[in-house]
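Peer 1: There's a structure below that I have some questions on.
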Amino acid sequence: MNRLSTYFNAWVISLFCLTARAQETKSHRWQFHSLNQLGLLEGGSGSAFQMQTVNGIAYKGWFSGIGVGIDNYYFRSIPLFLDIRKNFRLGAGYIFTYGDGGIQFAWLTDRQITDMQNRFWTYSFSNGGYADLGLGYRIVIKNKLAFLLSAGYSYKYSEAKVVINYCPLQEPCDPSHNTYHFNLDRLTFKAGIEF
């Protein structure tokens with residue numbers, strides 16, 4: 001978690017620096033926005049697909065919303081998170097910075113369950129943490145409709161409790177219990193639509 005707090009602090013400092021230099025937007029009304037994104041996660045355990053939908057309120061270049069998605073990296077999970085972002089005008093479009101933080105619920109596929117369990121051991125995944133920090137570019141197509149491209153760093157944490165029922169000698173044997181910690185660092189690339 002120490003690494004995550006370092007990344008978060010760097011994001012907050014850069015956000016304040018960029019805010020100080022940003023121009024004021026013309027629209028000062030509260031507006032509902034929906035962001036729907038597809039993406040690629042790339043890390044030490046390979047590549048995976050992700051999708052997210054974030055719904056929230058925009059005001060004076062700021063956006064805050066609640067998001068949910070599907071994250072297929074290493075094991076399938078459903079992240080539920082708070083998304084905060086700031087837009088900075090750049091020519092015809094906007095540069096934005098974003099930060100997401102929340103919880104991810106393990107939702108293993110049938111294949112993942114089959115691969116991880118047999119008559120000798122069973123895995124039990126717990127819910128864990130989720131974070132995503134990055135930069136992007138927002139291209140306004142018409143009114144509230146915009147195309148989004150972003151890149152960032154994403155972090156997913158979970159624990160798996162393993163019960164091993166292997167007895168090489170004559171039974172009875174006591175099962176052994178282990179806990180595995182999954183700290184998954186990934187790069188994320190997303191494209192989507194905002195309306």
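We name chains A, B, ... following the order of the structure tokens; residues begin at 1 in each chain, and ligands are numbered from 1 as shown.
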Considering only C-alpha atoms, return as a list in words whatever protein or nucleic-acid residues lie within 9 Å of Ser34 of chain A, sequence-local ones (same chain, fewer than 3 positions apart) excluded.

Peer 2: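 Residues near the query, excluding close chain neighbours: Thr53, Val54, Asn55, Gly56, Ile57, Gly65, Ile193, Glu194 and Phe195 of chain A.
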
Peer 1: Mind listing the helix (DSSP H, G or I) residues of segment 31-195 of chain A, per DSSP on the backbone, as JSON, numbers by chain?

Peer 2: {"A": [110, 111, 112, 113, 114, 115, 116]}

Peer 1: Name all residues at most 7 Å from segment 150-167 of chain A (count only C-alpha atoms; drop same-chain ones fewer than 6 positions away) and give them as JSON, numbers by chain.

Peer 2: {"A": [120, 121, 122, 123, 124, 125, 126, 127, 128, 129, 130, 131, 132, 133, 134, 135, 136, 137, 173, 175, 176, 177, 178, 179, 180, 181, 182, 183, 184, 185, 186, 187, 188, 189, 190, 191]}

Peer 1: Which residues in chain A does DSSP call strand (DSSP E or B)? List them as a PyMOL selection string.

Peer 2: chain A and resi 31-43+46-59+62-71+77-90+93-106+121-125+128-142+145-164+176-194

Peer 1: Need the shell around Phe81 of chain A: protein/DNA/RNA residues with any atom at most 10 Å away, counting only C-alpha atoms. Skip same-chain ones fewer than 2 positions apart. Format as a list in words?

Peer 2: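 The residues that qualify are Val54, Gly65, Ile66, Gly67, Val68, Gly69, Ile78, Pro79, Asp83, Ile84, Gly99, Asp100, Gly101, Gly102, Ile103, Gln104, Gly129, Tyr130, Ala131 and Asp132 of chain A.
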
Peer 1: Set the distance at 12 Å and use only C-alpha atoms: which residues neighbour Arg111 of chain A once local chain neighbours fewer than 6 positions away are removed? I'd like the list as a VMD selection string.

Peer 2: chain A and resid 75 to 76 117

Peer 1: Could you write out the selected residues, including C-alpha atoms, as a PDB file, in the first residue's frame?

Peer 2:
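The resulting file, out30.pdb, is shown below:
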```pdb
ATOM      1  CA  PHE A  75      -8.417 -13.154 -12.340  1.00  0.00           C
ATOM      2  CA  ARG A  76     -11.788 -11.615 -13.185  1.00  0.00           C
ATOM      3  CA  GLN A 117      -9.243 -26.194  -7.320  1.00  0.00           C
TER       4      GLN A 117
END
```

Peer 1: I want to know what sits within 9 Å of Tyr74 of chain A, based on only C-alpha atoms, with residues of the same chain fewer than 2 positions away left out; could you give that as a ChimeraX atom specification?

Peer 2: /A:45-48,71-72,76,184

Peer 1: Kindly give the distance, in Å, that separates atom CA of Ile70 of chain A and atom CA of Leu108 of chain A, rounded to a single decimal.

Peer 2: 11.1 Å

Peer 1: I'd like the contact shell of Ala146 of chain A - 10 Å cut-off, only C-alpha atoms, skipping same-chain residues fewer than 2 positions apart - returned as a list of chain:residue names.

Peer 2: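 Counting only C-alpha atoms, the residues come to A:Leu35, A:Gly93, A:Tyr137, A:Arg138, A:Ile139, A:Val140, A:Ile141, A:Lys142, A:Asn143, A:Lys144, A:Leu148, A:Gly192, A:Ile193, A:Glu194, A:Phe195.
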
Peer 1: Would you work out the distance separating atom CA of Tyr94 of chain A from atom CA of Leu80 of chain A, expressed in Å to one decimal?

Peer 2: 25.9 Å
